[in-house]
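Visitor: Take a look at model36.txt, compact mmCIF, C-alpha atoms:
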```
# COMPACT_ATOMS: atom_id res chain seq x y z
CA MET A 1 57.42 99.33 143.50
CA ALA A 2 60.79 99.94 145.10
CA ASP A 3 61.02 96.28 146.04
CA GLU A 4 60.14 95.23 142.54
CA ALA A 5 62.85 97.43 141.11
CA HIS A 6 65.38 96.02 143.53
CA GLY A 7 64.28 92.50 142.72
CA ALA A 8 64.78 93.15 139.05
CA ALA A 9 68.25 94.52 139.72
CA GLU A 10 69.15 91.53 141.84
CA ALA A 11 67.99 89.19 139.14
CA ALA A 12 69.80 91.03 136.38
CA ALA A 13 73.00 92.08 138.13
CA PRO A 14 74.65 88.71 138.77
CA GLY A 15 73.98 87.85 135.16
CA MET A 16 74.75 90.99 133.28
CA PRO A 17 75.45 94.40 134.82
CA GLN A 18 75.12 95.61 131.23
CA LEU A 19 71.35 95.15 131.49
CA ASP A 20 71.00 97.14 134.70
CA PHE A 21 69.07 99.99 133.18
CA SER A 22 69.32 102.17 136.30
CA THR A 23 72.96 102.94 135.40
CA PHE A 24 72.21 103.85 131.78
CA SER A 25 71.49 107.54 132.32
CA ASN A 26 74.76 107.90 134.23
CA GLN A 27 76.81 106.08 131.59
CA ILE A 28 75.20 107.94 128.72
CA PHE A 29 75.67 111.32 130.37
CA TRP A 30 79.40 110.81 130.95
CA LEU A 31 79.88 109.14 127.57
CA VAL A 32 78.39 112.13 125.76
CA ILE A 33 80.68 114.45 127.71
CA ALA A 34 83.73 112.30 126.90
CA ILE A 35 82.85 112.02 123.21
CA VAL A 36 82.20 115.76 122.88
CA ALA A 37 85.49 116.46 124.67
CA ILE A 38 87.43 114.15 122.34
CA TYR A 39 85.65 115.59 119.30
CA LEU A 40 86.48 119.18 120.28
CA ILE A 41 90.11 118.32 121.10
CA LEU A 42 90.57 116.46 117.82
CA SER A 43 88.76 118.87 115.52
CA ARG A 44 90.17 122.06 117.11
CA VAL A 45 93.71 121.05 118.02
CA ALA A 46 95.02 117.63 117.07
CA LEU A 47 93.75 117.03 113.52
CA PRO A 48 94.56 120.48 112.07
CA ARG A 49 98.02 120.24 113.66
CA ILE A 50 98.76 116.78 112.26
CA GLY A 51 97.30 117.76 108.88
CA ALA A 52 99.58 120.83 108.78
CA VAL A 53 102.63 118.78 109.76
CA LEU A 54 101.88 116.19 107.07
CA ALA A 55 101.32 118.89 104.43
CA GLU A 56 104.53 120.63 105.43
CA ARG A 57 106.43 117.35 105.25
CA ASN A 58 104.99 116.61 101.81
CA GLY A 59 106.04 120.09 100.69
CA THR A 60 109.54 119.58 102.05
CA ILE A 61 109.82 116.20 100.39
CA THR A 62 108.59 117.59 97.06
CA ASN A 63 111.09 120.44 97.25
CA ASP A 64 113.90 118.10 98.19
CA ILE A 65 113.08 115.79 95.31
CA ALA A 66 113.04 118.75 92.91
CA ALA A 67 116.39 119.94 94.26
CA ALA A 68 117.77 116.40 93.96
CA GLU A 69 116.60 116.20 90.35
CA ASP A 70 118.24 119.54 89.61
CA LEU A 71 121.50 118.37 91.15
CA LYS A 72 121.28 115.12 89.22
CA ARG A 73 120.82 117.06 85.98
CA GLN A 74 123.83 119.22 86.83
CA ALA A 75 125.88 116.15 87.59
CA ALA A 76 124.88 114.63 84.24
CA GLU A 77 125.86 117.84 82.47
CA ALA A 78 129.21 117.89 84.23
CA GLU A 79 129.76 114.27 83.29
CA ASP A 80 128.95 115.04 79.64
CA ALA A 81 131.38 117.96 79.65
CA TYR A 82 134.04 115.78 81.22
CA ASN A 83 133.50 113.03 78.66
CA LYS A 84 133.66 115.56 75.83
CA ALA A 85 136.88 117.06 77.17
CA LEU A 86 138.29 113.58 77.56
CA ALA A 87 137.40 112.67 73.95
CA ASP A 88 138.88 115.95 72.65
CA ALA A 89 142.07 115.42 74.58
CA ARG A 90 142.33 111.88 73.30
CA ALA A 91 141.83 112.97 69.67
CA GLU A 92 144.41 115.69 70.09
CA ALA A 93 146.85 113.27 71.64
CA GLN A 94 146.34 110.88 68.77
CA ALA A 95 146.91 113.68 66.24
CA ILE A 96 150.11 114.74 68.01
CA ALA A 97 151.28 111.14 68.18
CA ALA A 98 150.63 110.63 64.46
CA GLU A 99 152.47 113.85 63.61
CA VAL A 100 155.43 112.90 65.73
CA ARG A 101 155.42 109.44 64.21
CA GLU A 102 155.52 110.93 60.69
CA GLU A 103 158.37 113.24 61.69
CA ILE A 104 160.29 110.42 63.22
CA LYS A 105 159.68 108.26 60.15
CA ALA A 106 160.97 111.06 57.85
CA ASP A 107 164.03 111.62 60.04
CA LEU A 108 164.60 107.91 60.13
CA ALA A 109 164.39 107.69 56.31
CA ASP A 110 166.83 110.59 55.96
CA ALA A 111 169.19 109.04 58.43
CA THR A 112 168.90 105.66 56.71
CA ALA A 113 169.57 107.20 53.29
CA LYS A 114 172.54 109.12 54.64
CA ALA A 115 173.86 106.07 56.38
CA ASP A 116 173.37 104.03 53.22
CA ALA A 117 175.27 106.66 51.20
CA ASP A 118 178.06 106.74 53.79
CA ILE A 119 178.19 103.00 53.84
CA SER A 120 178.35 102.71 50.05
CA ALA A 121 180.99 105.44 49.88
CA LYS A 122 182.99 103.68 52.54
CA ALA A 123 182.44 100.34 50.83
CA ALA A 124 183.67 101.79 47.47
CA GLU A 125 186.66 103.28 49.17
CA SER A 126 187.34 100.02 50.90
CA ALA A 127 186.96 98.14 47.63
CA ALA A 128 189.42 100.54 45.95
CA ARG A 129 191.85 100.03 48.76
CA ILE A 130 191.39 96.28 48.60
CA GLU A 131 192.08 96.40 44.86
CA GLU A 132 195.13 98.51 45.54
CA VAL A 133 196.28 96.16 48.26
CA ARG A 134 195.57 93.16 46.06
CA ALA A 135 197.49 94.75 43.17
CA GLY A 136 200.28 95.61 45.57
CA ALA A 137 200.21 92.07 46.89
CA LEU A 138 200.42 90.56 43.37
CA GLU A 139 203.34 92.79 42.51
CA ALA A 140 204.94 91.85 45.82
CA VAL A 141 204.25 88.18 45.12
CA GLU A 142 205.87 88.57 41.66
CA ALA A 143 208.85 90.43 43.12
CA VAL A 144 209.21 87.90 45.94
CA ALA A 145 208.84 85.05 43.43
CA LYS A 146 211.48 86.62 41.15
CA ASP A 147 213.85 87.23 44.06
CA THR A 148 213.19 83.77 45.50
CA ALA A 149 213.59 82.18 42.07
CA ALA A 150 216.81 84.16 41.46
CA GLU A 151 218.16 83.15 44.84
CA ILE A 152 217.15 79.49 44.28
CA VAL A 153 218.74 79.55 40.76
CA ALA A 154 221.88 81.25 42.10
CA ALA A 155 222.12 78.69 44.84
CA LEU A 156 221.51 75.68 42.62
CA ALA A 157 223.21 76.79 39.46
CA PRO A 158 225.17 80.04 39.88
CA ALA A 159 226.30 79.76 36.32
CA ALA A 160 222.94 79.98 34.87
CA ALA A 161 221.90 83.08 36.78
CA ASP A 162 220.27 85.28 34.17
CA GLU A 163 218.22 87.84 35.86
CA SER A 164 215.98 88.83 32.99
CA ALA A 165 215.28 85.26 31.96
CA ILE A 166 214.21 84.34 35.49
CA ALA A 167 211.98 87.42 35.74
CA ALA A 168 210.28 86.57 32.42
CA ALA A 169 209.78 82.97 33.50
CA VAL A 170 208.29 83.95 36.90
CA THR A 171 206.02 86.55 35.28
CA ASN A 172 204.86 83.88 32.89
CA ARG A 173 204.10 81.40 35.67
CA VAL A 174 202.31 83.97 37.83
CA LYS A 175 200.08 85.01 34.93
CA GLY A 176 199.50 81.39 33.97
CA MET B 1 86.46 93.94 149.78
CA SER B 2 85.19 91.25 152.11
CA GLU B 3 81.88 89.52 151.85
CA ASP B 4 80.84 90.73 155.31
CA ALA B 5 81.25 94.36 154.47
CA HIS B 6 79.16 93.83 151.41
CA SER B 7 76.42 92.10 153.29
CA GLU B 8 76.15 95.06 155.62
CA GLU B 9 76.16 97.44 152.72
CA THR B 10 73.48 95.38 151.12
CA VAL B 11 71.32 95.75 154.20
CA ASP B 12 71.95 99.50 154.04
CA ALA B 13 71.10 99.44 150.40
CA HIS B 14 67.80 97.81 151.14
CA GLY B 15 67.04 100.54 153.59
CA ALA B 16 68.46 103.73 152.23
CA GLU B 17 68.58 103.04 148.56
CA ALA B 18 65.34 101.27 148.06
CA ALA B 19 64.21 104.15 145.91
CA HIS B 20 67.22 103.73 143.61
CA GLY B 21 66.69 100.05 143.94
CA ALA B 22 69.49 99.08 141.65
CA ASP B 23 72.83 99.38 143.36
CA ALA B 24 74.08 96.64 141.12
CA GLY B 25 77.38 95.99 142.86
CA HIS B 26 75.86 95.36 146.22
CA ALA B 27 73.02 93.43 144.80
CA ALA B 28 75.48 91.21 142.96
CA ASP B 29 77.52 90.60 146.09
CA ALA B 30 74.40 89.73 147.97
CA ALA B 31 73.51 87.21 145.31
CA HIS B 32 77.01 85.70 145.41
CA GLY B 33 76.81 85.47 149.19
CA ALA B 34 74.50 82.51 148.82
CA GLU B 35 77.01 80.48 146.80
CA GLY B 36 79.78 78.39 148.31
CA GLY B 37 82.98 76.70 147.14
CA LEU B 38 84.28 77.83 143.78
CA GLN B 39 83.62 81.57 143.62
CA ILE B 40 83.91 82.91 140.11
CA HIS B 41 82.10 86.10 139.33
CA PRO B 42 83.18 86.93 135.79
CA MET B 43 80.58 89.65 135.41
CA ASP B 44 81.44 91.62 138.57
CA GLN B 45 84.10 93.56 136.66
CA PHE B 46 81.33 95.23 134.66
CA ILE B 47 79.40 96.54 137.66
CA VAL B 48 78.93 100.28 137.68
CA GLU B 49 79.82 101.65 141.12
CA PRO B 50 79.94 105.14 142.57
CA LEU B 51 83.50 106.27 143.29
CA PHE B 52 82.62 108.40 146.30
CA GLY B 53 80.29 107.37 149.06
CA ASP B 54 77.67 104.68 149.01
CA GLY B 55 74.88 106.56 147.40
CA GLY B 56 72.89 105.30 144.51
CA ILE B 57 73.76 106.07 140.93
CA GLY B 58 72.06 109.14 139.61
CA MET B 59 72.61 110.64 136.21
CA PHE B 60 75.45 112.90 137.39
CA SER B 61 77.08 110.61 139.99
CA ILE B 62 80.81 110.20 139.59
CA THR B 63 81.25 106.50 138.98
CA ASN B 64 83.96 104.15 137.72
CA VAL B 65 82.44 104.79 134.28
CA THR B 66 83.27 108.48 134.70
CA LEU B 67 86.83 107.68 135.74
CA TRP B 68 87.59 105.35 132.83
CA LEU B 69 85.89 107.59 130.27
CA PHE B 70 88.02 110.43 131.58
CA LEU B 71 91.14 108.27 131.32
CA ALA B 72 90.21 107.46 127.71
CA VAL B 73 89.98 111.19 126.97
CA ILE B 74 93.38 111.69 128.65
CA ALA B 75 94.87 108.87 126.57
CA VAL B 76 93.57 110.48 123.38
CA VAL B 77 95.00 113.85 124.46
CA LEU B 78 98.36 112.27 125.30
CA LEU B 79 98.64 110.62 121.91
CA MET B 80 97.13 113.21 119.61
CA VAL B 81 97.97 116.51 121.32
CA VAL B 82 100.93 115.96 123.66
CA GLY B 83 102.49 113.46 121.27
CA THR B 84 102.40 115.92 118.37
CA ARG B 85 103.47 119.05 120.28
CA GLY B 86 106.87 119.04 118.53
CA ARG B 87 105.24 119.48 115.08
CA ALA B 88 108.50 118.01 113.81
CA ILE B 89 109.24 117.39 110.15
CA VAL B 90 111.08 114.28 111.30
CA PRO B 91 108.56 112.96 113.84
CA SER B 92 109.16 111.59 117.31
CA ARG B 93 107.79 108.13 118.11
CA ALA B 94 104.55 109.42 119.62
CA GLN B 95 104.08 111.83 116.72
CA SER B 96 104.66 108.95 114.29
CA VAL B 97 101.92 106.91 115.92
CA ALA B 98 99.55 109.90 115.90
CA GLU B 99 100.33 110.54 112.22
CA LEU B 100 99.88 106.85 111.37
CA THR B 101 96.48 106.83 113.09
CA TYR B 102 95.52 110.03 111.28
CA GLY B 103 96.59 108.62 107.92
CA PHE B 104 94.97 105.25 108.59
CA ILE B 105 91.52 106.65 109.41
CA ARG B 106 91.68 109.43 106.81
CA LYS B 107 92.52 106.93 104.09
CA MET B 108 89.76 104.61 105.32
CA VAL B 109 87.18 107.41 105.17
CA GLU B 110 88.37 108.48 101.74
CA ASP B 111 88.56 104.95 100.27
CA VAL B 112 85.35 103.59 101.74
CA ALA B 113 83.01 106.58 101.89
CA GLY B 114 84.52 108.85 99.25
CA LYS B 115 86.18 112.26 99.22
CA ASP B 116 82.99 114.12 100.16
CA ALA B 117 82.89 112.12 103.42
CA LEU B 118 86.04 113.84 104.67
CA VAL B 119 83.77 116.40 106.38
CA PHE B 120 83.00 113.60 108.84
CA PHE B 121 86.64 112.68 109.34
CA PRO B 122 86.93 114.32 112.82
CA TYR B 123 83.74 112.55 113.91
CA ILE B 124 84.94 109.14 112.69
CA MET B 125 88.38 109.78 114.17
CA THR B 126 86.67 110.54 117.50
CA LEU B 127 84.77 107.25 117.40
CA PHE B 128 87.88 105.25 116.46
CA LEU B 129 90.18 106.80 119.05
CA PHE B 130 87.59 106.61 121.82
CA ILE B 131 86.80 102.94 121.19
CA LEU B 132 90.47 102.06 120.73
CA MET B 133 91.59 103.78 123.92
CA ALA B 134 88.62 102.48 125.94
CA ASN B 135 89.29 98.93 124.72
CA PHE B 136 93.00 99.08 125.51
CA LEU B 137 92.46 100.76 128.90
CA GLY B 138 89.95 98.00 129.64
CA LEU B 139 92.75 95.46 129.23
CA LEU B 140 94.62 96.87 132.22
CA PRO B 141 94.13 94.65 135.26
CA MET B 142 91.49 95.95 137.70
CA SER B 143 90.23 98.42 135.13
CA PHE B 144 86.67 99.03 134.02
CA THR B 145 85.88 98.59 130.35
CA THR B 146 83.43 101.26 129.27
CA THR B 147 82.99 99.74 125.81
CA SER B 148 81.75 96.47 127.35
CA HIS B 149 78.50 98.19 128.22
CA ILE B 150 75.67 98.12 125.77
CA ALA B 151 74.56 101.55 127.04
CA VAL B 152 77.83 103.04 125.76
CA THR B 153 78.05 101.19 122.45
CA ALA B 154 74.34 101.68 121.76
CA VAL B 155 74.73 105.45 122.13
CA LEU B 156 77.70 105.41 119.74
CA ALA B 157 75.84 103.21 117.25
CA MET B 158 72.62 105.25 117.49
CA ALA B 159 74.61 108.44 116.97
CA VAL B 160 76.08 106.93 113.81
CA PHE B 161 72.67 105.65 112.69
CA LEU B 162 70.94 109.00 113.22
CA THR B 163 73.80 110.94 111.60
CA VAL B 164 73.84 108.66 108.59
CA THR B 165 70.07 108.77 108.17
CA ALA B 166 69.96 112.56 108.54
CA VAL B 167 72.87 113.01 106.10
CA GLY B 168 71.16 110.65 103.65
CA PHE B 169 67.96 112.66 103.59
CA ILE B 170 69.70 116.05 103.59
CA LYS B 171 72.03 115.15 100.71
CA ASN B 172 69.61 113.12 98.59
CA GLY B 173 66.14 114.14 99.75
CA VAL B 174 63.55 111.49 99.03
CA GLY B 175 66.08 109.90 96.69
CA PHE B 176 67.71 108.38 99.78
CA LEU B 177 64.82 105.90 99.85
CA GLY B 178 66.31 104.55 96.62
CA LEU B 179 68.72 102.75 98.92
CA PHE B 180 65.85 100.33 99.66
CA TRP B 181 64.64 100.05 96.08
CA VAL B 182 67.02 97.59 94.41
CA SER B 183 66.77 98.77 90.81
CA SER B 184 68.96 95.95 89.53
CA ALA B 185 66.50 93.26 90.73
CA PRO B 186 63.43 92.07 88.75
CA MET B 187 60.34 94.22 89.31
CA ALA B 188 58.42 91.46 91.09
CA LEU B 189 61.17 91.01 93.68
CA ARG B 190 61.73 94.68 94.40
CA PRO B 191 58.98 95.18 97.05
CA ILE B 192 60.14 92.10 98.95
CA LEU B 193 63.76 93.23 98.73
CA ALA B 194 62.69 96.69 99.87
CA ILE B 195 61.21 95.19 103.06
CA ILE B 196 64.37 93.14 103.67
CA GLU B 197 66.59 96.14 103.02
CA LEU B 198 64.48 98.26 105.35
CA ILE B 199 64.70 95.70 108.15
CA SER B 200 68.44 95.29 107.67
CA TYR B 201 68.82 99.06 107.74
CA PHE B 202 67.12 99.30 111.12
CA VAL B 203 69.01 96.31 112.49
CA ARG B 204 72.30 98.06 111.74
CA PRO B 205 72.58 100.02 115.01
CA VAL B 206 71.72 96.87 116.98
CA SER B 207 74.40 94.72 115.38
CA HIS B 208 76.78 97.67 115.31
CA SER B 209 76.56 98.16 119.08
CA ILE B 210 76.19 94.55 120.24
CA ARG B 211 79.17 93.42 118.13
CA LEU B 212 81.49 95.77 119.98
CA ALA B 213 80.09 95.31 123.50
CA GLY B 214 79.71 91.54 123.03
CA ASN B 215 83.26 90.97 121.83
CA VAL B 216 84.82 93.07 124.57
CA MET B 217 82.62 91.64 127.31
CA ALA B 218 83.08 88.02 126.28
CA GLY B 219 86.87 88.21 126.25
CA HIS B 220 87.02 89.93 129.62
CA ALA B 221 84.60 87.45 131.14
CA VAL B 222 86.62 84.49 129.81
CA ILE B 223 89.81 85.91 131.33
CA LYS B 224 88.00 86.33 134.64
CA VAL B 225 86.72 82.74 134.55
CA PHE B 226 90.23 81.40 133.96
CA ALA B 227 91.49 83.68 136.74
CA GLY B 228 88.89 82.11 139.03
CA PHE B 229 90.19 78.63 138.17
CA ALA B 230 93.74 79.77 138.80
CA GLY B 231 92.71 80.92 142.25
CA VAL B 232 91.59 77.47 143.44
CA LEU B 233 93.99 75.17 141.54
CA GLY B 234 97.16 75.88 143.54
CA LEU B 235 100.18 74.62 141.59
CA GLY B 236 97.92 73.48 138.78
CA ALA B 237 97.18 77.15 138.20
CA VAL B 238 99.90 77.13 135.54
CA ALA B 239 97.38 75.90 132.97
CA PRO B 240 94.81 78.66 133.50
CA VAL B 241 97.58 81.26 133.67
CA ILE B 242 98.84 80.11 130.27
CA ALA B 243 95.26 80.22 129.01
CA ILE B 244 94.84 83.75 130.39
CA THR B 245 98.02 84.83 128.62
CA ALA B 246 96.76 83.40 125.33
CA VAL B 247 93.30 84.94 125.71
CA TYR B 248 94.90 88.24 126.70
CA GLY B 249 96.93 88.25 123.48
CA LEU B 250 93.74 87.57 121.57
CA GLU B 251 92.01 90.36 123.48
CA VAL B 252 94.70 92.85 122.48
CA LEU B 253 93.95 91.93 118.89
CA VAL B 254 90.19 92.13 119.48
CA ALA B 255 90.56 95.55 121.13
CA PHE B 256 92.06 96.94 117.92
CA ILE B 257 89.96 94.94 115.48
CA GLN B 258 86.65 95.90 117.10
CA ALA B 259 87.60 99.58 117.02
CA TYR B 260 88.55 99.12 113.38
CA VAL B 261 85.35 97.24 112.54
CA PHE B 262 83.15 99.83 114.24
CA THR B 263 84.92 102.60 112.34
CA ILE B 264 84.88 100.96 108.94
CA LEU B 265 81.19 100.06 109.31
CA THR B 266 80.52 103.71 110.10
CA CYS B 267 82.30 104.59 106.86
CA VAL B 268 80.27 102.00 104.93
CA TYR B 269 77.00 103.38 106.33
CA LEU B 270 78.16 106.88 105.51
CA LYS B 271 78.87 105.81 101.95
CA ASP B 272 75.28 104.54 101.70
CA ALA B 273 74.03 107.91 102.87
CA LEU B 274 76.21 109.92 100.48
CA HIS B 275 75.85 107.64 97.45
CA PRO B 276 72.63 105.61 97.96
CA SER B 277 72.56 104.15 94.44
CA HIS B 278 73.38 100.45 94.32
```
Show this structure as structure tokens.
Guide:
Amino acid sequence: MADEAHGAAEAAAPGMPQLDFSTFSNQIFWLVIAIVAIYLILSRVALPRIGAVLAERNGTITNDIAAAEDLKRQAAEAEDAYNKALADARAEAQAIAAEVREEIKADLADATAKADADISAKAAESAARIEEVRAGALEAVEAVAKDTAAEIVAALAPAAADESAIAAAVTNRVKG
Amino acid sequence: MSEDAHSEETVDAHGAEAAHGADAGHAADAAHGAEGGLQIHPMDQFIVEPLFGDGGIGMFSITNVTLWLFLAVIAVVLLMVVGTRGRAIVPSRAQSVAELTYGFIRKMVEDVAGKDALVFFPYIMTLFLFILMANFLGLLPMSFTTTSHIAVTAVLAMAVFLTVTAVGFIKNGVGFLGLFWVSSAPMALRPILAIIELISYFVRPVSHSIRLAGNVMAGHAVIKVFAGFAGVLGLGAVAPVIAITAVYGLEVLVAFIQAYVFTILTCVYLKDALHPSH
């Protein structure tokens, strides 16, 4: 019987040690121990630990996301407030600018009117003086003409020097 | 390990261990002793050997299986317990990976099997992490891949099968049998479909376990075959080394995908148990 068993082993072993049934009990015994050991280690230590770590991480991530959303909302609010303040300031600036523009326009109109009045007054004055000067000039021209004519007459014909006749003649010519 | 030493051990094995009769490693070496020339033993990496002494393998012997199962447990502890010891809100790299794995499997359970399946989340997480770590540890050179053994994957698959069946009957009572009674099919077809469904239900643990062990074993064996070629080709070994690199990359992918497939199938089966209606 022993020989038969050995013969079977010799026949099987070179082909496939897997089919050497005499080693099965040994392999199965140690396998069961190894599997039970791994099962106990995993179910008692490793898996609960990893599960807890993953749950904790998910919790942290959820909290962080909530916090981030809160901050984002705050930032949006701040931005809205900033935009509103900016718009208010702009409107106010425009109002002030318009007011100032109106004031300046009014001042400008006043100044223009005043300047116009001054100018027309000065122009009238100037015109009066021009008239005066012109009148003066005409008189001067007449006087000069009379004097010149009297001189010329006296020089050419001293006998005929009649002052009043010359003056009448010159006045006549100047008017003509 | 030289061939001579093994031959002597084999003689010893014949004498002292005849009762055990199945010291696979020695038996394999003895078988290889007869071959000559190109020596490629792609399956030797799967041999279960005792770590201490030369004795046979009893149920409680400390073997390379024990060592690599223990290392898988350590790897799980390093990632899931030591890696998360900071409990940081902003995670470290290790904690990130642990959290990603947690989220990945939890979401899978929830999406595939429903919210009421979350009770089984630690169980499914255990399966996923064990298979993942065992697969990746198996990719280390000189390591032993526990998930390449049908004994290991069959126990995992049977555990899932029994759990799912028990949960199905506890939650739904006899109504669980409705899983096999396709109410949307015509009446005449239903008995035939019931037989097919029943067979497919019982084939589940077989495909579930062989898929994992087969994929892992095949990839490792292929790498070993190429390594054997590389050993005898001299300078020409560049080609097999490139091939090993490519297959290794594929194996890294397979290591993850098979863990994923095993886990998601568990979820699918669990969904059937919790909500058997079609």
Visitor: Using only C-alpha atoms, collect all residues at a distance of at most 12 Å from (91.1, 82.8, 138.8) as written in the file, then present them as a PyMOL selection string.
Guide: chain B and resi 38-42+221-234+236-244
Visitor: Between atom CA of Phe46 of chain B and atom CA of Val160 of chain B, what is the distance, to one decimal in Å?
Guide: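 Computed distance, atom CA of Phe46 of chain B to atom CA of Val160 of chain B, equals 24.5 Å.
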Visitor: Compare B:Leu198, B:Leu137, B:Ala246, B:Met43 by their minimum atom-to-atom distance to chain A, counting all atoms listed in the file, and give me the closest one.
Guide: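 Counting all atoms listed in the file, the residue closest to chain A is B:Met43.
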Visitor: Under the rule that all atoms listed in the file are counted, which of A:Ala117, A:Leu31, A:Leu19, A:Ala109 is the nearest residue to Thr153 of chain B?
Guide: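 Of the candidates, the smallest distance to Thr153 of chain B is held by A:Leu31.
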Visitor: Just checking: using only C-alpha atoms, which residue out of A:Ala149, A:Leu54, A:Ile28, A:Ala154 ends up closest to Ile166 of chain A?
Guide: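 Answer, going by the shortest atom-to-atom distance: A:Ala149.
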Visitor: Write out as a PyMOL selection string the residues lying within 12 Å of His220 of chain B, counting only C-alpha atoms and excluding same-chain residues fewer than 3 positions away.
Guide: chain B and resi 41-46+135-136+138-149+213-217+223-227+244+247-252+254-255
Visitor: Please measure the separation of atom CA of Asp272 of chain B and atom CA of Ile50 of chain A, giving the value in Å to one decimal.
Guide: 28.5 Å
Visitor: Would you mind telling me which residue in B:Val48, B:Leu78, B:Ala218, B:Met125 lies nearest to Ser43 of chain A when using only C-alpha atoms?
Guide: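 Smallest separation from Ser43 of chain A among the options: B:Met125.
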Visitor: Within 7 Å of segment 82-97 of chain B, counting all atoms listed in the file, which residues show up once you throw out same-chain ones fewer than 4 positions away? Write them as a list in words, please.
Guide: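 Final neighbour list, sorted by chain and number: Val53 and Arg57 of chain A; Val77, Leu78 and Thr101 of chain B.
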Visitor: Could you state the separation of atom CA of Ala115 of chain A and atom CA of Glu99 of chain A in Å, given to one decimal place?
Guide: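 That distance, rounded to one decimal, is 23.9 Å.
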Visitor: If we count only C-alpha atoms, what is near Ala165 of chain A at a cut-off of 12 Å, once residues fewer than 6 positions away on the same chain are taken out, given as number ranges by chain?
Guide: A: 146, 149-150, 153, 171-172
Visitor: Pick the closest to chain B from A:Asp20, A:Ala113, A:Ala97, A:Asn26: which is it, counting only C-alpha atoms?
Guide: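 Under the stated criterion, the closest residue is A:Asn26.
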